[in-house]
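Here the structure comes first, spelled out in C-alpha coordinates, and everything after it is commentary.
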Amino acid sequence: MKRFAVYYAPRPGAFADRTARWLGWDPVLGQTLPQPELPGIADPAAITVEPRRYGFHGTIRAPFRLAEGLDADQLRDGVARLAARLAPVSCTGLALETLHGFLALTPQGCEAALLELGAQVVEGTNPLRAPLTEAEIARRRPETLTSRQRELLDRWGYPFVMEEFRFHLTLTDRLPADQVGPVATALKAHFTPVLPQPFVIEDLCLFGEDASGRFHLLHRYALTG
(Lines give C-alpha, C1' and ligand atoms only; values in the text may rest on other atoms or scores of the structure.)
Protein backbone atom coordinates (compact mmCIF):
# COMPACT_ATOMS: atom_id res chain seq x y z
CA MET A 1 0.00 0.00 0.00
CA LYS A 2 1.27 3.46 -0.95
CA ARG A 3 -0.56 5.35 1.77
CA PHE A 4 -2.78 4.65 4.76
CA ALA A 5 -5.71 6.49 6.34
CA VAL A 6 -8.00 6.20 9.35
CA TYR A 7 -11.65 6.46 8.37
CA TYR A 8 -15.15 5.78 9.56
CA ALA A 9 -16.81 3.12 7.43
CA PRO A 10 -20.18 1.55 8.17
CA ARG A 11 -20.37 -1.93 9.59
CA PRO A 12 -21.92 -4.59 7.32
CA GLY A 13 -25.61 -4.05 6.69
CA ALA A 14 -28.10 -2.19 4.54
CA PHE A 15 -26.39 1.20 4.90
CA ALA A 16 -22.98 -0.19 3.96
CA ASP A 17 -24.42 -2.10 1.02
CA ARG A 18 -26.32 0.84 -0.42
CA THR A 19 -23.49 3.33 -0.08
CA ALA A 20 -20.97 0.94 -1.64
CA ARG A 21 -23.25 0.29 -4.61
CA TRP A 22 -23.91 3.99 -5.07
CA LEU A 23 -20.19 4.73 -5.39
CA GLY A 24 -19.48 1.55 -7.35
CA TRP A 25 -16.65 0.35 -5.12
CA ASP A 26 -16.61 -2.10 -2.22
CA PRO A 27 -13.48 -1.34 -0.14
CA VAL A 28 -13.93 -4.50 1.92
CA LEU A 29 -13.96 -6.89 -1.04
CA GLY A 30 -11.82 -4.66 -3.25
CA GLN A 31 -14.34 -4.96 -6.05
CA THR A 32 -16.16 -2.63 -8.41
CA LEU A 33 -19.95 -2.79 -8.21
CA PRO A 34 -22.74 -1.91 -10.64
CA GLN A 35 -24.20 1.48 -9.76
CA PRO A 36 -27.97 1.98 -9.42
CA GLU A 37 -30.10 3.84 -11.95
CA LEU A 38 -31.88 6.66 -10.13
CA PRO A 39 -34.47 9.13 -11.45
CA GLY A 40 -32.86 12.45 -12.38
CA ILE A 41 -29.32 11.04 -12.56
CA ALA A 42 -28.20 10.25 -16.10
CA ASP A 43 -24.84 8.69 -15.31
CA PRO A 44 -23.94 7.86 -11.67
CA ALA A 45 -20.37 6.92 -12.62
CA ALA A 46 -19.72 10.38 -14.07
CA ILE A 47 -20.52 12.19 -10.80
CA THR A 48 -18.77 9.80 -8.39
CA VAL A 49 -15.27 9.60 -9.89
CA GLU A 50 -13.31 10.94 -6.92
CA PRO A 51 -15.27 9.36 -4.03
CA ARG A 52 -15.21 6.00 -5.82
CA ARG A 53 -11.42 5.85 -5.38
CA TYR A 54 -11.75 5.98 -1.62
CA GLY A 55 -14.91 4.01 -1.01
CA PHE A 56 -17.70 5.32 1.19
CA HIS A 57 -16.09 6.76 4.31
CA GLY A 58 -15.69 9.66 6.68
CA THR A 59 -12.14 10.93 7.05
CA ILE A 60 -10.71 11.03 10.57
CA ARG A 61 -7.00 10.90 9.67
CA ALA A 62 -6.37 11.84 6.03
CA PRO A 63 -4.11 9.62 3.87
CA PHE A 64 -0.44 9.58 4.83
CA ARG A 65 2.75 7.70 4.00
CA LEU A 66 4.10 5.48 6.74
CA ALA A 67 6.97 6.94 8.74
CA GLU A 68 10.44 5.66 7.92
CA GLY A 69 11.40 2.70 10.07
CA LEU A 70 7.80 1.61 10.75
CA ASP A 71 6.11 -1.39 9.20
CA ALA A 72 2.47 -2.39 8.69
CA ASP A 73 2.36 -4.37 11.95
CA GLN A 74 3.47 -1.34 13.95
CA LEU A 75 0.87 0.77 12.15
CA ARG A 76 -1.89 -1.70 13.00
CA ASP A 77 -0.75 -1.88 16.61
CA GLY A 78 -0.76 1.90 16.89
CA VAL A 79 -4.31 2.25 15.57
CA ALA A 80 -5.50 -0.66 17.73
CA ARG A 81 -4.12 0.97 20.89
CA LEU A 82 -5.74 4.25 19.94
CA ALA A 83 -9.15 2.63 19.39
CA ALA A 84 -8.90 0.84 22.74
CA ARG A 85 -8.75 4.12 24.65
CA LEU A 86 -11.33 6.14 22.68
CA ALA A 87 -15.10 5.99 23.13
CA PRO A 88 -17.73 5.74 20.39
CA VAL A 89 -19.47 8.92 19.27
CA SER A 90 -23.28 8.83 18.99
CA CYS A 91 -25.10 11.34 16.77
CA THR A 92 -28.84 11.73 16.31
CA GLY A 93 -28.63 10.95 12.60
CA LEU A 94 -27.35 12.02 9.19
CA ALA A 95 -28.51 14.83 6.90
CA LEU A 96 -27.88 15.30 3.18
CA GLU A 97 -26.07 18.60 2.56
CA THR A 98 -24.29 20.48 -0.21
CA LEU A 99 -20.69 21.21 0.78
CA HIS A 100 -18.64 23.37 -1.57
CA GLY A 101 -20.60 22.03 -4.55
CA PHE A 102 -20.62 18.32 -3.69
CA LEU A 103 -23.25 16.30 -1.85
CA ALA A 104 -22.47 14.57 1.43
CA LEU A 105 -24.11 13.11 4.49
CA THR A 106 -23.28 15.03 7.66
CA PRO A 107 -23.84 13.93 11.28
CA GLN A 108 -26.23 15.84 13.48
CA GLY A 109 -26.14 16.55 17.20
CA CYS A 110 -22.57 15.53 18.07
CA GLU A 111 -20.23 18.31 16.91
CA ALA A 112 -18.22 18.65 20.12
CA ALA A 113 -17.72 14.90 20.51
CA LEU A 114 -16.68 14.57 16.86
CA LEU A 115 -14.15 17.38 17.19
CA GLU A 116 -12.67 15.65 20.24
CA LEU A 117 -12.50 12.28 18.49
CA GLY A 118 -10.89 13.84 15.43
CA ALA A 119 -8.29 15.66 17.50
CA GLN A 120 -7.41 12.52 19.48
CA VAL A 121 -6.98 10.43 16.33
CA VAL A 122 -4.89 13.05 14.55
CA GLU A 123 -2.64 13.50 17.56
CA GLY A 124 -2.41 9.77 18.23
CA THR A 125 -1.52 8.84 14.65
CA ASN A 126 0.91 11.68 14.01
CA PRO A 127 4.01 9.65 14.99
CA LEU A 128 3.01 7.05 12.39
CA ARG A 129 3.17 9.33 9.36
CA ALA A 130 6.11 10.43 7.25
CA PRO A 131 6.69 14.20 6.92
CA LEU A 132 5.04 15.83 3.93
CA THR A 133 7.16 16.29 0.84
CA GLU A 134 7.19 19.60 -1.03
CA ALA A 135 5.02 18.00 -3.72
CA GLU A 136 2.48 16.85 -1.12
CA ILE A 137 2.35 20.34 0.38
CA ALA A 138 1.85 21.84 -3.08
CA ARG A 139 -1.09 19.50 -3.75
CA ARG A 140 -2.86 21.04 -0.77
CA ARG A 141 -2.68 24.44 -2.55
CA PRO A 142 -1.28 26.25 0.49
CA GLU A 143 -1.86 29.62 -1.17
CA THR A 144 -5.62 29.05 -0.76
CA LEU A 145 -5.41 28.19 2.95
CA THR A 146 -5.87 30.51 5.89
CA SER A 147 -2.85 31.11 8.09
CA ARG A 148 -4.32 28.76 10.70
CA GLN A 149 -4.96 26.03 8.13
CA ARG A 150 -1.38 26.33 6.87
CA GLU A 151 -0.17 26.03 10.45
CA LEU A 152 -2.25 22.86 10.89
CA LEU A 153 -0.89 21.46 7.61
CA ASP A 154 2.67 21.98 8.80
CA ARG A 155 2.01 20.58 12.28
CA TRP A 156 -0.32 17.66 11.54
CA GLY A 157 0.04 16.97 7.80
CA TYR A 158 -3.49 18.12 6.88
CA PRO A 159 -5.14 21.55 7.04
CA PHE A 160 -8.65 20.51 8.09
CA VAL A 161 -8.03 19.09 11.54
CA MET A 162 -8.60 20.21 15.14
CA GLU A 163 -11.07 23.12 15.12
CA GLU A 164 -11.12 23.06 11.28
CA PHE A 165 -12.34 19.43 11.23
CA ARG A 166 -15.74 18.89 9.59
CA PHE A 167 -16.70 15.22 9.43
CA HIS A 168 -18.70 14.28 6.33
CA LEU A 169 -19.49 11.29 4.14
CA THR A 170 -18.99 12.24 0.51
CA LEU A 171 -21.50 11.01 -2.08
CA THR A 172 -20.59 12.93 -5.25
CA ASP A 173 -17.98 14.94 -7.06
CA ARG A 174 -18.49 18.70 -7.30
CA LEU A 175 -21.60 19.20 -9.40
CA PRO A 176 -22.72 21.90 -11.85
CA ALA A 177 -25.21 24.17 -10.10
CA ASP A 178 -28.12 22.95 -12.20
CA GLN A 179 -27.49 19.33 -11.19
CA VAL A 180 -27.38 19.81 -7.44
CA GLY A 181 -31.14 19.90 -6.90
CA PRO A 182 -32.12 16.87 -9.02
CA VAL A 183 -29.24 14.76 -7.72
CA ALA A 184 -30.00 15.71 -4.10
CA THR A 185 -33.66 14.77 -4.55
CA ALA A 186 -32.72 11.39 -5.99
CA LEU A 187 -30.13 10.62 -3.33
CA LYS A 188 -32.39 11.65 -0.48
CA ALA A 189 -35.07 9.22 -1.68
CA HIS A 190 -32.48 6.51 -2.25
CA PHE A 191 -30.73 6.72 1.12
CA THR A 192 -33.41 7.80 3.59
CA PRO A 193 -34.72 4.25 4.15
CA VAL A 194 -31.30 2.99 5.29
CA LEU A 195 -29.88 5.98 7.18
CA PRO A 196 -28.91 4.89 10.71
CA GLN A 197 -30.70 6.55 13.62
CA PRO A 198 -28.78 7.13 15.75
CA PHE A 199 -25.64 7.37 13.67
CA VAL A 200 -22.75 5.97 15.72
CA ILE A 201 -19.04 6.09 14.97
CA GLU A 202 -18.02 2.89 16.74
CA ASP A 203 -14.81 1.90 14.96
CA LEU A 204 -11.56 3.23 13.58
CA CYS A 205 -11.06 1.72 10.12
CA LEU A 206 -7.57 1.45 8.72
CA PHE A 207 -7.61 1.91 4.94
CA GLY A 208 -4.76 1.45 2.47
CA GLU A 209 -4.25 2.90 -1.00
CA ASP A 210 -3.13 0.41 -3.63
CA ALA A 211 -0.85 1.06 -6.60
CA SER A 212 -3.81 2.10 -8.78
CA GLY A 213 -5.04 4.69 -6.28
CA ARG A 214 -7.99 2.68 -4.93
CA PHE A 215 -8.54 2.42 -1.17
CA HIS A 216 -9.23 -0.83 0.68
CA LEU A 217 -10.49 -1.44 4.20
CA LEU A 218 -7.64 -3.35 5.85
CA HIS A 219 -8.70 -3.58 9.50
CA ARG A 220 -11.57 -2.45 11.70
CA TYR A 221 -10.92 -1.59 15.36
CA ALA A 222 -13.84 -1.10 17.76
CA LEU A 223 -13.78 2.02 19.92
CA THR A 224 -13.82 0.56 23.43
CA GLY A 225 -12.49 3.33 25.66
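We name chains A, B, ... following the order of the C-alpha coordinates; residues begin at 1 in each chain, and ligands are numbered from 1 as shown.
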
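Those residues of segment 92-155 of chain A that DSSP, working from the backbone, places in strand (DSSP E) are Gly93, Leu94, Ala95, Leu96, Glu97, Thr98, Leu99, Phe102, Leu103, Ala104, Leu105, Thr106, Pro107 and Gln108 of chain A.
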
Per residue of segment 148-223 of chain A within 12 Å of segment 21-31 of chain A, what are the shortest atom pair and its distance in Å to one decimal, counting only C-alpha atoms, with rows by chain and residue number, as a tab-separated table?
residue	atom	partner	partner_atom	distance
A:Leu169	CA	A:Leu23	CA	11.6
A:Thr170	CA	A:Leu23	CA	9.6
A:Leu171	CA	A:Leu23	CA	7.2
A:Thr172	CA	A:Leu23	CA	8.2
A:Asp173	CA	A:Leu23	CA	10.6
A:Ala186	CA	A:Trp22	CA	11.5
A:Leu187	CA	A:Trp22	CA	9.3
A:His190	CA	A:Trp22	CA	9.4
A:Phe191	CA	A:Trp22	CA	9.6
A:Cys205	CA	A:Val28	CA	10.7
A:Leu206	CA	A:Pro27	CA	11.0
A:Phe207	CA	A:Pro27	CA	8.4
A:Gly208	CA	A:Pro27	CA	9.5
A:Glu209	CA	A:Pro27	CA	10.2
A:Asp210	CA	A:Gly30	CA	10.1
A:Ser212	CA	A:Gly30	CA	11.9
A:Gly213	CA	A:Gly30	CA	11.9
A:Arg214	CA	A:Pro27	CA	8.3
A:Phe215	CA	A:Pro27	CA	6.3
A:His216	CA	A:Pro27	CA	4.4
A:Leu217	CA	A:Val28	CA	5.1
A:Leu218	CA	A:Val28	CA	7.5
A:His219	CA	A:Val28	CA	9.3
A:Arg220	CA	A:Val28	CA	10.3

Can you list, as a ChimeraX atom specification, all residues belonging to segment 146-194 of chain A that DSSP tags as helix (DSSP H, G or I)? /A:147-156,162-164,177-194

Counting only C-alpha atoms, which residue out of A:Lys2, A:Gly124, A:Phe199, A:Thr48 sits closest to Arg81 of chain A? A:Gly124

Non-local contacts of Phe102 of chain A (12 Å; only C-alpha atoms; under 6 positions in same chain excluded) as a short mmCIF file (atom, residue, chain, number, x, y, z; two decimals) with N, CA, C and O atoms, in the first residue's frame:
data_model
loop_
_atom_site.label_atom_id
_atom_site.label_comp_id
_atom_site.auth_asym_id
_atom_site.auth_seq_id
_atom_site.Cartn_x
_atom_site.Cartn_y
_atom_site.Cartn_z
N ILE A 47 -20.49 11.21 -11.91
CA ILE A 47 -20.52 12.19 -10.80
C ILE A 47 -19.97 11.61 -9.50
O ILE A 47 -20.09 12.22 -8.44
N THR A 48 -19.34 10.44 -9.59
CA THR A 48 -18.77 9.80 -8.39
C THR A 48 -17.32 9.37 -8.61
O THR A 48 -16.83 8.46 -7.93
N VAL A 49 -16.63 10.03 -9.52
CA VAL A 49 -15.27 9.60 -9.89
C VAL A 49 -14.33 9.65 -8.70
O VAL A 49 -13.64 8.67 -8.38
N GLU A 50 -14.27 10.78 -8.02
CA GLU A 50 -13.31 10.94 -6.92
C GLU A 50 -13.70 10.12 -5.69
O GLU A 50 -12.87 9.38 -5.15
N PRO A 51 -14.95 10.18 -5.21
CA PRO A 51 -15.27 9.36 -4.03
C PRO A 51 -15.17 7.86 -4.28
O PRO A 51 -14.95 7.09 -3.34
N LEU A 96 -28.49 15.07 4.49
CA LEU A 96 -27.88 15.30 3.18
C LEU A 96 -27.65 16.80 3.01
O LEU A 96 -28.58 17.59 3.16
N HIS A 168 -17.65 14.44 7.33
CA HIS A 168 -18.70 14.28 6.33
C HIS A 168 -18.45 13.00 5.54
O HIS A 168 -17.34 12.49 5.50
N LEU A 169 -19.50 12.53 4.91
CA LEU A 169 -19.49 11.29 4.14
C LEU A 169 -19.83 11.64 2.70
O LEU A 169 -21.00 11.86 2.36
N THR A 170 -18.83 11.73 1.86
CA THR A 170 -18.99 12.24 0.51
C THR A 170 -19.75 11.27 -0.39
O THR A 170 -19.47 10.07 -0.41
N LEU A 171 -20.69 11.82 -1.17
CA LEU A 171 -21.50 11.01 -2.08
C LEU A 171 -21.26 11.34 -3.55
O LEU A 171 -21.58 10.50 -4.41
N THR A 172 -20.76 12.54 -3.85
CA THR A 172 -20.59 12.93 -5.25
C THR A 172 -19.32 13.76 -5.43
O THR A 172 -18.76 14.27 -4.47
N ASP A 173 -18.94 13.92 -6.69
CA ASP A 173 -17.98 14.94 -7.06
C ASP A 173 -18.65 16.32 -6.95
O ASP A 173 -19.86 16.42 -6.69
N ARG A 174 -17.89 17.37 -7.18
CA ARG A 174 -18.49 18.70 -7.30
C ARG A 174 -19.39 18.71 -8.53
O ARG A 174 -19.02 18.24 -9.60
N LEU A 175 -20.58 19.26 -8.36
CA LEU A 175 -21.60 19.20 -9.40
C LEU A 175 -21.86 20.57 -10.00
O LEU A 175 -21.77 21.58 -9.29
N PRO A 176 -22.22 20.65 -11.29
CA PRO A 176 -22.72 21.90 -11.85
C PRO A 176 -23.96 22.35 -11.07
O PRO A 176 -24.74 21.51 -10.59
N ALA A 177 -24.13 23.63 -10.95
CA ALA A 177 -25.21 24.17 -10.10
C ALA A 177 -26.57 23.62 -10.49
O ALA A 177 -27.42 23.36 -9.61
N GLN A 179 -27.33 20.74 -11.52
CA GLN A 179 -27.49 19.33 -11.19
C GLN A 179 -27.70 19.08 -9.70
O GLN A 179 -28.16 18.00 -9.32
N VAL A 180 -27.35 20.04 -8.88
CA VAL A 180 -27.38 19.81 -7.44
C VAL A 180 -28.77 19.42 -6.96
O VAL A 180 -28.95 18.43 -6.24
N GLY A 181 -29.78 20.17 -7.36
CA GLY A 181 -31.14 19.90 -6.90
C GLY A 181 -31.66 18.54 -7.31
O GLY A 181 -32.09 17.75 -6.45
N VAL A 183 -30.03 15.85 -8.30
CA VAL A 183 -29.24 14.76 -7.72
C VAL A 183 -29.55 14.63 -6.22
O VAL A 183 -29.69 13.51 -5.71
N ALA A 184 -29.68 15.75 -5.53
CA ALA A 184 -30.00 15.71 -4.10
C ALA A 184 -31.36 15.05 -3.87
O ALA A 184 -31.51 14.24 -2.94
#

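Minimum atom-to-atom distances from A:Leu105, A:Ala14, A:Leu195, A:Val200 to Phe167 of chain A were compared using only C-alpha atoms, and the lowest value belongs to A:Leu105.
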